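Undergrad: Sharing entry16.tsv (TSV, C-alpha atoms and all ligand atoms) below.
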chain	number	residue	atom	x	y	z
A	1	MET	CA	96.48	96.34	76.20
A	2	THR	CA	97.71	95.41	79.67
A	3	GLY	CA	95.72	95.27	82.86
A	4	SER	CA	96.64	94.48	86.45
A	5	VAL	CA	94.79	93.55	89.59
A	6	GLU	CA	96.22	93.70	93.10
A	7	VAL	CA	94.64	91.52	95.79
A	8	VAL	CA	95.39	92.61	99.36
A	9	TYR	CA	94.74	89.85	101.87
A	10	ARG	CA	95.51	88.79	105.42
A	11	GLY	CA	98.67	86.69	105.57
A	12	ILE	CA	98.03	82.98	106.26
A	13	PHE	CA	94.30	83.43	106.98
A	14	GLN	CA	93.59	84.33	103.34
A	15	LYS	CA	96.69	83.05	101.58
A	16	HIS	CA	94.84	80.59	99.35
A	17	LEU	CA	92.00	83.01	98.71
A	18	GLY	CA	94.41	85.58	97.28
A	19	GLN	CA	96.01	82.95	95.08
A	20	HIS	CA	92.67	81.61	93.85
A	21	ILE	CA	91.55	85.06	92.75
A	22	THR	CA	94.68	86.06	90.84
A	23	ARG	CA	95.04	82.61	89.27
A	24	GLY	CA	91.36	82.72	88.26
A	25	ILE	CA	91.92	86.09	86.53
A	26	VAL	CA	94.75	84.67	84.43
A	27	LEU	CA	92.80	81.50	83.55
A	28	ALA	CA	89.83	83.61	82.48
A	29	ALA	CA	92.02	85.99	80.44
A	30	ARG	CA	93.52	83.01	78.60
A	31	LYS	CA	90.01	82.10	77.43
A	32	GLU	CA	90.13	85.39	75.49
A	33	GLY	CA	93.51	84.63	73.93
A	34	LYS	CA	95.41	86.92	76.31
A	35	VAL	CA	98.55	86.04	78.24
A	36	GLY	CA	99.02	86.63	81.94
A	37	ILE	CA	100.81	85.85	85.15
A	38	SER	CA	99.74	85.58	88.77
A	39	PHE	CA	102.27	86.01	91.57
A	40	GLY	CA	102.61	86.86	95.24
A	41	ARG	CA	104.76	89.77	96.34
A	42	TYR	CA	105.96	87.68	99.25
A	43	GLY	CA	107.59	84.98	97.20
A	44	ASP	CA	110.81	85.97	98.94
A	45	SER	CA	109.70	86.56	102.50
A	46	PRO	CA	107.51	84.71	104.98
A	47	GLU	CA	103.90	85.51	105.62
A	48	ARG	CA	102.62	85.94	109.16
A	49	ASN	CA	99.14	85.67	110.61
A	50	GLY	CA	97.13	88.72	109.63
A	51	VAL	CA	100.04	90.77	108.27
A	52	PRO	CA	98.74	92.34	105.04
A	53	ALA	CA	100.13	90.55	101.99
A	54	LYS	CA	99.53	90.88	98.25
A	55	SER	CA	98.93	88.74	95.22
A	56	PHE	CA	98.91	90.21	91.71
A	57	ALA	CA	97.50	89.26	88.31
A	58	VAL	CA	98.81	90.94	85.18
A	59	VAL	CA	97.24	90.21	81.78
A	60	ALA	CA	98.18	91.49	78.33
A	61	ASP	CA	97.37	90.99	74.69
A	62	THR	CA	100.94	89.98	73.83
A	63	GLU	CA	103.94	88.49	75.59
A	64	GLU	CA	106.02	91.60	74.84
A	65	GLU	CA	103.49	93.82	76.61
A	66	LEU	CA	103.40	91.44	79.55
A	67	GLU	CA	107.19	91.41	79.90
A	68	ALA	CA	107.36	95.18	79.74
A	69	HIS	CA	104.72	95.44	82.47
A	70	LEU	CA	106.51	92.97	84.74
A	71	ALA	CA	109.83	94.80	84.75
A	72	ARG	CA	109.17	96.08	88.26
A	73	TYR	CA	108.85	94.53	91.68
A	74	GLU	CA	105.36	95.60	92.64
A	75	PRO	CA	102.87	96.72	89.96
A	76	THR	CA	101.70	100.27	90.50
A	77	ASN	CA	98.72	101.91	88.78
A	78	ASN	CA	96.54	98.82	89.10
A	79	ASP	CA	93.13	98.84	87.41
A	80	ILE	CA	91.64	97.14	90.44
A	81	THR	CA	92.68	96.70	94.06
A	82	VAL	CA	90.76	93.96	95.86
A	83	ALA	CA	90.58	94.03	99.67
A	84	VAL	CA	89.23	90.71	100.95
A	85	ASP	CA	88.93	92.02	104.51
A	86	ASP	CA	87.27	95.41	104.97
A	87	THR	CA	89.51	96.33	107.92
A	88	LEU	CA	92.30	96.62	105.32
A	89	CYS	CA	90.61	99.87	104.25
A	90	LYS	CA	92.41	101.43	107.25
A	91	GLY	CA	95.67	100.88	105.38
A	92	VAL	CA	98.35	98.31	104.69
A	93	GLU	CA	101.54	98.03	106.73
A	94	SER	CA	103.91	95.29	105.68
A	95	TRP	CA	106.99	94.69	107.78
A	96	ALA	CA	108.03	98.30	108.31
A	97	TRP	CA	108.79	98.90	104.66
A	98	TYR	CA	107.26	102.31	104.30
A	99	GLY	CA	104.73	102.93	107.04
A	100	LEU	CA	101.02	102.72	106.39
A	101	GLN	CA	100.08	102.42	102.71
A	102	PRO	CA	96.54	103.62	101.91
A	103	ILE	CA	94.45	100.83	100.39
A	104	ASN	CA	94.00	102.89	97.20
A	105	LYS	CA	97.66	103.93	96.89
A	106	LEU	CA	98.48	101.50	94.06
A	107	THR	CA	95.09	101.84	92.38
A	108	ARG	CA	95.35	103.98	89.24
A	109	ALA	CA	93.40	107.23	89.02
A	110	GLY	CA	89.92	106.26	87.84
A	111	GLY	CA	90.51	102.67	88.99
A	112	THR	CA	88.46	100.69	91.47
A	113	VAL	CA	88.93	99.35	94.97
A	114	LEU	CA	86.70	96.28	95.44
A	115	VAL	CA	85.95	95.30	99.04
A	116	THR	CA	84.13	92.29	100.46
A	117	SER	CA	82.10	93.82	103.26
A	118	MET	CA	78.79	94.11	105.03
A	119	GLN	CA	79.39	97.85	105.38
A	120	THR	CA	78.21	100.44	102.87
A	121	ALA	CA	80.60	102.32	100.61
A	122	ASP	CA	80.02	105.47	102.67
A	123	GLU	CA	80.97	103.66	105.87
A	124	LEU	CA	84.09	102.17	104.28
A	125	LEU	CA	85.10	105.60	102.99
A	126	LYS	CA	85.59	106.82	106.56
A	127	ASP	CA	88.58	104.43	106.72
A	128	CYS	CA	89.97	104.77	103.16
A	129	HIS	CA	92.52	107.60	102.85
A	130	ARG	CA	92.00	110.43	100.39
A	131	LYS	CA	93.62	109.75	97.06
A	132	GLY	CA	93.87	113.19	95.47
A	133	ALA	CA	92.37	111.75	92.26
A	134	GLU	CA	89.04	110.24	91.33
A	135	TRP	CA	88.54	106.53	91.99
A	136	ASN	CA	85.69	104.08	92.49
A	137	LEU	CA	84.73	102.04	95.51
A	138	GLY	CA	82.93	98.75	94.90
A	139	VAL	CA	81.32	96.60	97.58
A	140	ILE	CA	80.76	92.87	97.23
A	141	PRO	CA	78.33	92.05	100.05
A	142	GLY	CA	79.74	89.43	102.41
A	143	THR	CA	81.81	88.86	105.52
A	144	ALA	CA	85.57	88.36	105.43
A	145	SER	CA	86.50	84.78	104.58
A	146	PHE	CA	89.32	83.47	106.79
A	147	SER	CA	90.74	79.99	106.62
A	148	GLY	CA	94.23	78.79	107.57
A	149	LEU	CA	97.60	77.61	106.37
A	150	TRP	CA	96.41	74.10	105.53
A	151	VAL	CA	92.70	74.59	105.06
A	152	TYR	CA	90.74	76.43	102.38
A	153	LYS	CA	87.29	77.74	103.14
A	154	ASP	CA	85.41	77.21	99.91
A	155	ASP	CA	82.61	79.67	100.55
A	156	HIS	CA	82.72	81.07	96.96
A	157	THR	CA	84.42	84.34	97.93
A	158	ASP	CA	87.02	83.58	95.23
A	159	VAL	CA	84.52	83.31	92.36
A	160	ARG	CA	82.35	86.12	93.69
A	161	VAL	CA	85.33	88.45	93.48
A	162	LEU	CA	86.07	87.17	89.96
A	163	GLY	CA	82.48	87.91	88.89
A	164	ALA	CA	82.72	91.42	90.33
A	165	ILE	CA	86.04	92.03	88.54
A	166	ALA	CA	84.37	91.09	85.24
A	167	LYS	CA	81.74	93.74	85.92
A	168	VAL	CA	84.20	96.47	86.88
A	169	ALA	CA	86.85	95.85	84.21
A	170	PRO	CA	85.51	93.70	81.34
A	171	ARG	CA	88.54	94.76	79.31
A	172	ILE	CA	90.64	92.57	81.64
A	173	VAL	CA	88.21	89.61	81.81
A	174	LYS	CA	84.63	89.21	80.66
A	175	LEU	CA	81.99	87.34	82.62
A	176	ALA	CA	81.73	84.57	79.98
A	177	SER	CA	85.48	83.91	80.32
A	178	VAL	CA	85.24	83.86	84.11
A	179	GLU	CA	82.42	81.35	83.88
A	180	ALA	CA	84.37	79.15	81.45
A	181	ALA	CA	87.48	79.27	83.67
A	182	ILE	CA	85.47	78.29	86.75
A	183	ARG	CA	83.97	75.33	84.87
A	184	ASP	CA	87.46	74.19	83.86
A	185	GLU	CA	89.13	74.78	87.21
A	186	TRP	CA	86.47	73.85	89.75
A	187	LYS	CA	83.86	71.97	87.67
A	188	ASP	CA	81.11	73.42	89.84
A	189	GLU	CA	77.98	75.07	88.41
A	190	LEU	CA	77.13	76.51	91.83
A	191	LYS	CA	80.37	78.47	91.75
A	192	VAL	CA	79.52	79.70	88.27
A	193	ALA	CA	76.16	80.91	89.60
A	194	SER	CA	77.89	82.66	92.53
A	195	ALA	CA	80.21	84.52	90.14
A	196	ARG	CA	77.25	85.63	88.02
A	197	LYS	CA	75.31	86.78	91.06
A	198	ALA	CA	78.24	88.84	92.34
A	199	HIS	CA	78.65	90.33	88.86
A	200	ASP	CA	75.06	91.54	88.98
A	201	ARG	CA	75.08	92.65	92.61
A	202	VAL	CA	78.36	94.49	93.09
A	203	SER	CA	77.62	98.12	93.98
A	204	LEU	CA	79.88	100.91	92.74
A	205	ARG	CA	80.34	104.44	94.00
A	206	LYS	CA	82.44	107.19	92.47
A	207	VAL	CA	84.81	108.81	94.94
A	208	ALA	CA	85.99	112.40	94.54
A	209	PRO	CA	89.70	113.26	95.09
A	210	ASP	CA	89.01	114.92	98.45
A	211	GLU	CA	86.64	112.29	99.83
A	212	GLY	CA	87.70	109.80	102.49
A	213	ASN	CA	89.87	109.81	105.60
A	214	PRO	CA	91.83	113.10	105.66
A	215	GLU	CA	94.58	111.78	107.98
A	216	LYS	CA	98.12	111.62	106.70
A	217	PRO	CA	99.17	107.98	106.91
A	218	TYR	CA	102.11	107.14	109.15
A	219	GLU	CA	105.33	107.04	107.13
A	220	PHE	CA	109.08	107.02	107.58
A	221	LYS	CA	112.12	107.12	105.37
A	222	LEU	CA	114.26	104.02	105.01
A	223	PRO	CA	117.95	104.87	105.40
A	224	LYS	CA	119.98	104.82	102.20
A	225	TRP	CA	122.82	102.32	102.08
A	226	GLN	CA	125.43	105.07	102.35
A	227	GLU	CA	123.71	106.38	105.51
A	228	MET	CA	123.88	103.02	107.31
A	229	LYS	CA	126.55	102.32	109.92
A	230	GLU	CA	129.64	100.52	108.75
A	231	GLY	CA	129.97	96.80	109.29
A	232	LEU	CA	126.25	96.02	109.10
A	233	VAL	CA	125.68	97.41	112.59
A	234	ILE	CA	121.99	97.78	113.32
A	235	PRO	CA	121.17	99.89	116.40
A	236	GLY	CA	119.45	97.87	119.12
A	237	ILE	CA	116.12	98.81	120.64
A	238	PRO	CA	116.24	100.04	124.28
A	239	VAL	CA	114.82	97.51	126.74
A	240	LYS	CA	112.53	100.10	128.35
A	241	GLU	CA	110.75	103.13	126.99
A	242	GLU	CA	110.31	106.06	129.38
A	243	VAL	CA	106.74	107.30	129.53
A	244	PRO	CA	106.35	110.99	130.47
A	245	GLY	CA	104.27	111.38	133.63
A	246	TRP	CA	104.60	107.76	134.73
A	247	ASP	CA	105.90	107.14	138.24
A	248	GLY	CA	106.48	103.40	138.12
A	249	GLY	CA	105.07	100.98	135.57
A	250	TYR	CA	106.92	99.54	132.63
A	251	ARG	CA	106.70	99.95	128.87
A	252	PRO	CA	109.07	97.77	126.86
A	253	GLY	CA	111.10	99.37	124.07
A	254	ARG	CA	109.59	98.56	120.67
A	255	ASN	CA	110.54	98.92	117.04
A	256	PRO	CA	109.58	102.57	116.49
A	257	THR	CA	108.81	102.10	112.79
A	258	PHE	CA	106.86	98.84	112.73
A	259	LYS	CA	103.34	99.77	113.78
A	260	LYS	CA	101.29	96.59	113.77
A	261	TYR	CA	97.82	98.11	113.80
A	262	ALA	CA	97.19	97.27	110.13
A	263	THR	CA	97.63	93.60	111.04
A	264	ARG	CA	94.52	93.51	113.19
A	265	THR	CA	91.03	92.43	112.24
A	266	MET	CA	90.06	92.57	115.92
A	267	ARG	CA	91.44	94.32	118.98
A	268	PRO	CA	91.21	93.57	122.70
A	269	VAL	CA	88.99	95.76	124.86
A	270	VAL	CA	90.07	95.61	128.50
A	271	ASP	CA	87.77	96.15	131.48
A	272	PHE	CA	90.21	97.57	134.03
A	273	GLU	CA	87.60	97.44	136.82
A	274	THR	CA	87.28	93.67	136.75
A	275	CYS	CA	90.99	93.05	136.08
A	276	THR	CA	92.64	91.20	139.00
A	277	LYS	CA	96.16	92.16	137.84
A	278	CYS	CA	97.05	88.49	137.56
A	279	THR	CA	99.74	89.22	134.88
A	280	ILE	CA	98.69	86.35	132.59
A	281	CYS	CA	97.87	88.52	129.55
A	282	TRP	CA	101.22	90.30	129.94
A	283	LEU	CA	103.09	86.99	130.12
A	284	GLN	CA	101.27	85.32	127.25
A	285	CYS	CA	100.96	88.10	124.67
A	286	PRO	CA	103.25	86.95	121.84
A	287	ASP	CA	104.00	90.53	120.81
A	288	SER	CA	104.77	91.93	124.29
A	289	CYS	CA	101.99	94.45	123.85
A	290	PHE	CA	100.97	95.04	127.41
A	291	ASP	CA	102.34	98.13	129.11
A	292	VAL	CA	102.41	97.74	132.90
A	293	THR	CA	100.81	100.92	134.16
A	294	PRO	CA	101.85	102.66	137.41
A	295	THR	CA	98.64	101.29	138.99
A	296	GLY	CA	99.59	97.72	138.04
A	297	HIS	CA	96.99	97.38	135.30
A	298	TYR	CA	97.90	95.96	131.90
A	299	ASP	CA	97.23	98.23	128.95
A	300	ALA	CA	97.31	96.60	125.50
A	301	ASN	CA	99.37	99.01	123.39
A	302	MET	CA	97.47	99.51	120.14
A	303	GLU	CA	100.56	100.33	118.09
A	304	ALA	CA	102.06	96.94	118.96
A	305	CYS	CA	98.98	94.71	119.09
A	306	CYS	CA	98.48	92.44	116.08
A	307	GLY	CA	95.04	91.29	117.22
A	308	CYS	CA	95.82	87.60	117.72
A	309	GLY	CA	93.29	87.10	120.52
A	310	VAL	CA	95.62	85.17	122.86
A	311	CYS	CA	94.99	87.63	125.72
A	312	GLU	CA	91.22	87.09	125.51
A	313	ALA	CA	91.75	83.33	125.53
A	314	VAL	CA	94.01	83.32	128.60
A	315	CYS	CA	92.40	86.00	130.78
A	316	PRO	CA	90.76	84.12	133.67
A	317	VAL	CA	88.14	86.81	134.39
A	318	LYS	CA	84.90	86.64	132.41
A	319	ASP	CA	84.52	89.49	129.89
A	320	CYS	CA	87.61	91.26	131.23
A	321	ILE	CA	89.25	91.09	127.80
A	322	THR	CA	87.00	90.92	124.74
A	323	MET	CA	88.15	90.87	121.13
A	324	VAL	CA	86.07	93.33	119.08
A	325	ASN	CA	85.96	93.87	115.32
A	326	GLU	CA	88.58	96.45	114.32
A	327	GLN	CA	86.05	98.32	112.22
A	328	ALA	CA	84.37	99.50	115.43
A	329	PHE	CA	87.32	101.77	116.29
A	330	GLU	CA	88.97	104.95	115.16
A	331	GLY	CA	92.54	105.66	116.20
A	332	ASN	CA	94.91	103.70	118.40
A	333	SER	CA	94.94	105.65	121.64
A	334	SER	CA	95.51	104.10	125.06
A	335	GLN	CA	92.49	102.49	126.72
A	336	PHE	CA	94.09	102.92	130.14
A	337	GLU	CA	94.48	106.66	129.64
A	338	ALA	CA	90.79	106.89	128.76
A	339	TYR	CA	89.95	104.86	131.88
A	340	GLU	CA	92.07	107.09	134.12
A	341	LYS	CA	90.53	110.22	132.69
A	342	ASP	CA	86.90	109.17	133.23
A	343	ALA	CA	86.26	105.69	134.63
A	344	ALA	CA	82.46	105.90	134.26
A	345	ALA	CA	82.64	107.02	130.63
A	346	TYR	CA	85.18	104.26	129.94
A	347	LYS	CA	82.91	101.63	131.48
A	348	ALA	CA	80.06	102.77	129.22
A	349	TRP	CA	82.43	102.65	126.22
A	350	VAL	CA	83.51	99.09	127.08
A	351	LYS	CA	79.89	98.00	127.45
A	352	GLU	CA	78.94	99.49	124.11
A	353	LYS	CA	81.90	97.93	122.30
A	354	ILE	CA	81.60	94.42	123.68
A	355	THR	CA	77.83	94.11	123.46
A	356	ASP	CA	77.68	94.95	119.76
A	357	LYS	CA	77.72	91.33	118.69
A	358	THR	CA	76.77	92.07	115.10
A	359	ILE	CA	80.24	93.45	114.52
A	360	THR	CA	82.18	91.44	117.06
A	361	ALA	CA	81.39	88.20	115.19
A	362	ARG	CA	84.77	87.54	113.60
A	363	SER	CA	87.12	84.63	113.48
A	364	HIS	CA	90.77	83.99	112.77
A	365	GLY	CA	90.24	81.07	110.47
A	366	PHE	CA	90.80	77.46	111.34
A	367	ARG	CA	93.03	76.01	114.02
A	368	TYR	CA	92.78	72.29	113.29
A	369	ARG	CA	92.28	69.97	110.35
A	370	GLY	CA	88.63	69.17	109.83
A	371	GLN	CA	87.40	72.43	111.43
A	372	TYR	CA	85.81	73.58	108.18
A	373	GLU	CA	83.97	70.27	107.88
A	374	ASP	CA	82.80	70.69	111.48
A	375	GLU	CA	81.60	74.20	110.70
A	376	LEU	CA	79.71	73.00	107.62
A	377	ALA	CA	78.14	70.20	109.65
A	378	GLY	CA	77.13	72.76	112.27
A	379	THR	CA	75.61	75.01	109.60
A	380	ALA	CA	73.73	72.07	108.13
A	381	ALA	CA	72.39	71.23	111.60
A	382	GLY	CA	71.40	74.89	112.02
A	383	ASP	CA	69.62	74.86	108.66
A	384	ALA	CA	67.76	71.70	109.57
A	385	LYS	CA	66.54	73.44	112.74
A	386	GLY	CA	65.50	76.48	110.73
A	387	GLY	CA	68.53	78.56	111.75
A	388	ASP	CA	70.25	81.00	109.44
A	401	LIG	S1	95.42	90.47	120.79
A	401	LIG	FE1	96.18	90.43	122.89
A	401	LIG	S2	97.70	88.81	122.95
A	401	LIG	FE2	97.37	89.30	120.78
A	401	LIG	S3	98.91	90.85	120.25
A	401	LIG	FE3	97.09	91.97	120.92
A	401	LIG	S4	97.37	92.32	123.09
A	401	LIG	FE4	98.81	90.71	122.49
A	402	LIG	S1	94.73	88.38	132.24
A	402	LIG	FE1	92.88	89.56	132.59
A	402	LIG	S2	92.72	89.69	134.81
A	402	LIG	FE2	94.81	89.05	134.34
A	402	LIG	S3	95.97	90.99	134.28
A	402	LIG	FE3	95.33	90.55	132.20
A	402	LIG	S4	93.38	91.68	131.96
A	402	LIG	FE4	93.81	91.52	134.15
Could you write out this file's structure as structure tokens?
Ligand code: SF4
Ligand code: SF4
TA:
Amino acid sequence: MTGSVEVVYRGIFQKHLGQHITRGIVLAARKEGKVGISFGRYGDSPERNGVPAKSFAVVADTEEELEAHLARYEPTNNDITVAVDDTLCKGVESWAWYGLQPINKLTRAGGTVLVTSMQTADELLKDCHRKGAEWNLGVIPGTASFSGLWVYKDDHTDVRVLGAIAKVAPRIVKLASVEAAIRDEWKDELKVASARKAHDRVSLRKVAPDEGNPEKPYEFKLPKWQEMKEGLVIPGIPVKEEVPGWDGGYRPGRNPTFKKYATRTMRPVVDFETCTKCTICWLQCPDSCFDVTPTGHYDANMEACCGCGVCEAVCPVKDCITMVNEQAFEGNSSQFEAYEKDAAAYKAWVKEKITDKTITARSHGFRYRGQYEDELAGTAAGDAKGGD
């Protein structure tokens, strides 16, 4: 018997979380006399903030089976795919390798996608692409856990996912083994209790082959080596892209195959009426996302935006740019075009998006050492005052 689990996480923000989960699977499997290995797909390339990345765990009854299973770069036909941020249900795009990969693409038919989310399975299904085969969608209730490169947010998301995996695929790891591994690794009975609770609470829904987002994910073909230009010549990207119908304005040329929308957990919503055209967002955006429109407004291009939040931080006008949870949006169309078409309807749309604080409450992890401790201290103070 072999079994494999793929954990899809946000680069840097969830780097340690992904590792904890796949390592925990292997440690638990060893309690049952199995062998296993946990590894990141990006061992050979750098991670970036938010860019979807993967960690895998493969377990087997014998070393021969394990070796046979590992004779490929990225395991396909995984028993379980774990998405530790529900906005990953919109798809996974990693460095312009193949376009947008549906979250269930590497899940085997009949396998399970496990998502940490406060949304229901039906809501998540609007984002997950159709698979063309039956699969299962499991929800572990909870918000996305983001930390940072140097800090780990020990909010038990790791062991909760392990408990849920034991429920979904006990042939890979059983709950008793997960509990024993947690005791060995973390020596924390509270974490054992969290794993057990998640095991009992994970909700599962069967998904039919034709259920889910019907859109065809964006894809492109990588050139074969014999199709490339001689002498390692890589065509440059034009400095400016012409926009049909624009008289004036400026849109920089961009890599036509690297769409960064799968990198976002939040996106900026721009209020063009209060914008003073000060240019600061355009200057400061690290991904050169802002198109300068013929009217002199700055339109964050949703194919290029990685959702870092710098523009919100630097915009000097209150509520002119607001970062909003990515799950509140469908599509990546231009906000400026919508504004030009119907300014009143756009204003109402902006108001609705930025006032929905239940879904705008997101973070990008920690920015300084000790921030987690500060957050815990703040929570403790909130608890003492009766807060939640
Ligand atoms: S969030 Fe703002 S600053 Fe960051 S990439 Fe998107 S448009 Fe640029
Ligand atoms: S920083 Fe704010 S006010 Fe300045 S151009 Fe950008 S959106 Fe407008």
Undergrad: List the residues sitting within 8 Å of (100.6, 87.7, 78.7) in the file's frame, using only C-alpha atoms, as a PyMOL selection string.
TA: chain A and resi 34-37+58-67
Undergrad: Hey, can you check how far atom CA of Gln14 of chain A sits from atom CA of Ser147 of chain A?
TA: 6.1 Å
Undergrad: Show me which residues are within 8 Å of ligand LIG 402 (chain A) counting only C-alpha atoms and all ligand atoms, and format the list as a ChimeraX atom specification.
TA: /A:270-272,274-282,297-298,311-312,314-317,320-321
Undergrad: May I have the residues within 9 Å of ligand LIG 401 (chain A), computed using only C-alpha atoms and all ligand atoms, as number ranges by chain?
TA: A: 260, 264, 266-268, 281-282, 284-290, 299-302, 304-314, 321, 323
Undergrad: Could you work out how far atom CA of Val202 of chain A lies from atom CA of Ile140 of chain A, giving the answer in Å with one decimal?
TA: 5.1 Å
Undergrad: Check the smallest atom-to-atom distance from each of A:Glu337, A:Asp155, A:Glu241, A:Glu185 to Leu376 of chain A using only C-alpha atoms, then report the winner.
TA: A:Asp155
Undergrad: Please measure the separation of atom CA of Gly249 of chain A and atom CA of Phe329 of chain A, giving the value in Å to one decimal.
TA: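 Rounded to one decimal, the two atoms are 26.2 Å apart.
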Undergrad: Quick one: of A:Thr120, A:Ser55, A:Gly110, A:Asp154, who's nearest to Glu373 of chain A, counting only C-alpha atoms?
TA: A:Asp154
Undergrad: Contacts of segment 141-144 of chain A at 7 Å or less, counting only C-alpha atoms, minus same-chain residues fewer than 4 places along, as a CSV table (one decimal) with C-alpha atoms, keeping the file's coordinate frame?
TA:
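See result-v6.csv below for the written result:
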chain,number,residue,atom,x,y,z
A,84,VAL,CA,89.2,90.7,101.0
A,85,ASP,CA,88.9,92.0,104.5
A,116,THR,CA,84.1,92.3,100.5
A,117,SER,CA,82.1,93.8,103.3
A,118,MET,CA,78.8,94.1,105.0
Undergrad: For Ser363 of chain A, which residue among A:Phe146, A:Trp135, A:Trp95, A:Tyr218 is the nearest when counting only C-alpha atoms?
TA: A:Phe146
Undergrad: Box for segment 302-315 of chain A: with edges along x, y and z, all listed atoms inside and 5 Å added on each side, what are the centre and edge lengths in Å to one decimal, as lines of an AutoDock Vina configuration file?
TA:
center_x = 96.6
center_y = 91.8
center_z = 123.4
size_x = 20.8
size_y = 27.0
size_z = 24.7
Undergrad: Taking 5 positions as the minimum chain separation for residues in the same chain, which residues sit within 8 Å of Leu137 of chain A when counting all atoms listed in the file? Answer as a list in words.
TA: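 The residues satisfying every condition are Thr112, Val113, Leu114, Val115, Ala121, Leu204, Arg205, Lys206 and Val207 of chain A.
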Undergrad: Can you pull out the residues contacting Val243 of chain A? Cut-off 12 Å, using only C-alpha atoms, and skip same-chain residues under 2 positions away; I want them as a PyMOL selection string.
TA: chain A and resi 240-241+245-253+291-294
Undergrad: Any chance you can output those residues with C-alpha atoms as a tab-separated table (two decimals), keeping the file's coordinate frame?
TA:
chain	number	residue	atom	x	y	z
A	240	LYS	CA	112.53	100.10	128.35
A	241	GLU	CA	110.75	103.13	126.99
A	245	GLY	CA	104.27	111.38	133.63
A	246	TRP	CA	104.60	107.76	134.73
A	247	ASP	CA	105.90	107.14	138.24
A	248	GLY	CA	106.48	103.40	138.12
A	249	GLY	CA	105.07	100.98	135.57
A	250	TYR	CA	106.92	99.54	132.63
A	251	ARG	CA	106.70	99.95	128.87
A	252	PRO	CA	109.07	97.77	126.86
A	253	GLY	CA	111.10	99.37	124.07
A	291	ASP	CA	102.34	98.13	129.11
A	292	VAL	CA	102.41	97.74	132.90
A	293	THR	CA	100.81	100.92	134.16
A	294	PRO	CA	101.85	102.66	137.41
Undergrad: Neighbouring residues of Thr263 of chain A were defined as those with any atom within 12 Å, considering all atoms listed in the file; residues of the same chain fewer than 4 positions away were excluded. Please report them as a PDB file with C-alpha atoms, keeping the file's coordinate frame.
TA:
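Result file is out02.pdb:
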ATOM      1  CA  VAL A   8      95.390  92.610  99.360  1.00  0.00           C
ATOM      2  CA  TYR A   9      94.740  89.850 101.870  1.00  0.00           C
ATOM      3  CA  ARG A  10      95.510  88.790 105.420  1.00  0.00           C
ATOM      4  CA  GLY A  11      98.670  86.690 105.570  1.00  0.00           C
ATOM      5  CA  ILE A  12      98.030  82.980 106.260  1.00  0.00           C
ATOM      6  CA  PHE A  13      94.300  83.430 106.980  1.00  0.00           C
ATOM      7  CA  GLU A  47     103.900  85.510 105.620  1.00  0.00           C
ATOM      8  CA  ARG A  48     102.620  85.940 109.160  1.00  0.00           C
ATOM      9  CA  ASN A  49      99.140  85.670 110.610  1.00  0.00           C
ATOM     10  CA  GLY A  50      97.130  88.720 109.630  1.00  0.00           C
ATOM     11  CA  VAL A  51     100.040  90.770 108.270  1.00  0.00           C
ATOM     12  CA  PRO A  52      98.740  92.340 105.040  1.00  0.00           C
ATOM     13  CA  ALA A  53     100.130  90.550 101.990  1.00  0.00           C
ATOM     14  CA  ASP A  85      88.930  92.020 104.510  1.00  0.00           C
ATOM     15  CA  THR A  87      89.510  96.330 107.920  1.00  0.00           C
ATOM     16  CA  LEU A  88      92.300  96.620 105.320  1.00  0.00           C
ATOM     17  CA  CYS A  89      90.610  99.870 104.250  1.00  0.00           C
ATOM     18  CA  LYS A  90      92.410 101.430 107.250  1.00  0.00           C
ATOM     19  CA  GLY A  91      95.670 100.880 105.380  1.00  0.00           C
ATOM     20  CA  VAL A  92      98.350  98.310 104.690  1.00  0.00           C
ATOM     21  CA  GLU A  93     101.540  98.030 106.730  1.00  0.00           C
ATOM     22  CA  SER A  94     103.910  95.290 105.680  1.00  0.00           C
ATOM     23  CA  TRP A  95     106.990  94.690 107.780  1.00  0.00           C
ATOM     24  CA  ALA A  96     108.030  98.300 108.310  1.00  0.00           C
ATOM     25  CA  LEU A 100     101.020 102.720 106.390  1.00  0.00           C
ATOM     26  CA  PHE A 258     106.860  98.840 112.730  1.00  0.00           C
ATOM     27  CA  LYS A 259     103.340  99.770 113.780  1.00  0.00           C
ATOM     28  CA  ARG A 267      91.440  94.320 118.980  1.00  0.00           C
ATOM     29  CA  MET A 302      97.470  99.510 120.140  1.00  0.00           C
ATOM     30  CA  GLU A 303     100.560 100.330 118.090  1.00  0.00           C
ATOM     31  CA  ALA A 304     102.060  96.940 118.960  1.00  0.00           C
ATOM     32  CA  CYS A 305      98.980  94.710 119.090  1.00  0.00           C
ATOM     33  CA  CYS A 306      98.480  92.440 116.080  1.00  0.00           C
ATOM     34  CA  GLY A 307      95.040  91.290 117.220  1.00  0.00           C
ATOM     35  CA  CYS A 308      95.820  87.600 117.720  1.00  0.00           C
ATOM     36  CA  GLU A 326      88.580  96.450 114.320  1.00  0.00           C
ATOM     37  CA  HIS A 364      90.770  83.990 112.770  1.00  0.00           C
TER      38      HIS A 364
END
Undergrad: Hey, which of A:Arg130, A:Arg72, A:Lys318, A:Lys54 ends up closest to Lys216 of chain A? Count only C-alpha atoms.
TA: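 So, comparing all the options, the nearest one is A:Arg130.
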